[in-house]
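Enquirer: Below you will find the structure I want to go over with you.
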Amino acid sequence: RLARSKLIKDFISSNMDIDIALQNLMAILYCLDNDILINWVTKELSGYDVDDDLPQYRKLQGIVRASFIVGYAQYSKRQFGIAHLDEKMQENLLSTHIYSSISTLIEMKDKEVSLGKPIPPEFYGMLQASTNAHITDASVDIDLGMVSDIISKVKTKILETLLFLEKEFGNLDGLDIDISTKTEEELKSIIQHIQVNLYDNSIAIGNNNKIKNSNIVTNK
């Protein structure tokens with residue numbers, strides 16, 4: 001069954017950018033009066049804070065690149081092996097959280113700005129142990145393909161949510177849905193369905209095991 005709402009058709013045919021689609025979705029979700037749903041849209045529009053619980057698709061694994069000297073030879077921004085570190089350490093080092101708003105990510109992708117987090121110099125000794133390299137600079141870098149992946153995941157989540165809401169409530173072009181047509185149980189189940197879709201079923205309240213140095217900086 002084809003979508004009836006013009007806003008869905010516009011979004012599918014790329015006549016509507018992602019921020020406008022998110023704002024439309026927010027207006028519709030307000031009718032459901034659920035903070036968790038509104039929170040997702042707000043954060044994708046304005047960016048996440050360092051202490052927010054991030055959706056799963058924004059938790060990435062980067063690769064270590066380092067500039068280093070071996071003897072008299074200098075190497076710049078080469079991928080650097082970390083297999084000698086224990087598994088937990090590797091995971092902590094490579095785990096990279098992406099906090100930027102979706103429009104910032106689109107801009108970075110378009111301008112091919114690389115994303116990453118710097119590795120503090122106090123870790124260089126540990127990184128270069130068992131190699132004959134002397135590291136002068138190191139970072140964990142994120143492939144731009146992973147950024148594209150976040151963008152397309154968010155687009156898919158918006159589209160799936162809009163299609164689901166249209167199926168449940170009819171045409172969405174008024175940016176308003178009549179929740180009085182549903183019982184309290186039905187509404188609860190609709191809200192839960194959308195939550196699972198938006199957060200990849202990873203809603204965890206109070207996640208304290210964050211690495212403080214995992215916030216993103218951009219390397220121009």
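Starting from 1 in every chain, residues are counted up; chains themselves are A, B, ... following the order of the structure tokens, and ligands are numbered from 1 as listed.
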Please identify all polymer residues within 12 Å of segment 148-153 of chain A, counting only C-alpha atoms, omitting same-chain residues fewer than 4 positions from it, and present them as a tab-separated table (two decimals) with C-alpha atoms, in the first residue's frame.

Expert:
```tsv
chain	number	residue	atom	x	y	z
A	17	ASP	CA	15.60	17.42	3.79
A	18	ILE	CA	16.18	15.36	6.88
A	19	ASP	CA	15.87	18.25	9.37
A	44	GLU	CA	19.14	14.07	16.17
A	55	PRO	CA	21.46	4.94	20.29
A	56	GLN	CA	23.45	1.89	19.20
A	57	TYR	CA	24.02	3.13	15.63
A	58	ARG	CA	26.04	6.09	16.94
A	59	LYS	CA	28.54	3.86	18.78
A	60	LEU	CA	31.27	3.04	16.29
A	97	HIS	CA	30.78	7.85	20.12
A	98	ILE	CA	29.28	10.21	17.55
A	99	TYR	CA	27.43	13.10	19.22
A	100	SER	CA	27.01	15.57	16.32
A	101	SER	CA	23.56	16.49	15.00
A	102	ILE	CA	22.46	14.75	11.83
A	103	SER	CA	22.79	17.95	9.75
A	104	THR	CA	26.40	18.40	10.97
A	105	LEU	CA	27.15	14.81	9.94
A	106	ILE	CA	25.67	15.42	6.48
A	107	GLU	CA	27.83	18.54	6.13
A	108	MET	CA	30.96	16.63	7.20
A	109	LYS	CA	30.22	13.85	4.74
A	110	ASP	CA	29.66	16.35	1.90
A	112	GLU	CA	34.72	14.87	3.37
A	142	ILE	CA	36.21	7.00	11.71
A	143	ASP	CA	35.68	6.00	8.13
A	144	LEU	CA	33.32	8.38	6.28
A	157	LYS	CA	13.99	5.32	11.13
A	158	ILE	CA	12.13	8.52	10.21
A	159	LEU	CA	10.49	6.83	7.23
A	160	GLU	CA	9.53	3.65	9.12
A	197	ASN	CA	12.58	1.27	16.11
A	198	LEU	CA	14.21	4.60	16.98
A	199	TYR	CA	16.65	3.34	19.59
A	200	ASP	CA	17.55	-0.03	17.99
```

Enquirer: Residues within 6 Å of Val140 of chain A, please, as an MDAnalysis selection string. Count only C-alpha atoms; anything in the same chain fewer than 6 positions from it doesn't count.

Expert: chainID A and resid 62:64 116:117

Enquirer: Can you list every residue in segment 6-159 of chain A that DSSP puts in helix (DSSP H, G or I), as an MDAnalysis selection string?

Expert: chainID A and resid 6:12 18:30 35:46 56:58 87:94 102:111 121:128 144:159

Enquirer: Taking into account only C-alpha atoms, which residue in the set A:Arg65, A:Gln74, A:Phe11, A:Ala133 is nearest to Ile119 of chain A?

Expert: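 Of the candidates, the smallest distance to Ile119 of chain A is held by A:Arg65.
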
Enquirer: Which is closer to Pro121 of chain A than all the others in A:Lys167, A:Arg78, A:His134, A:His193, using only C-alpha atoms?

Expert: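 Of A:Lys167, A:Arg78, A:His134, A:His193, the one nearest Pro121 of chain A is A:His134, counting only C-alpha atoms.
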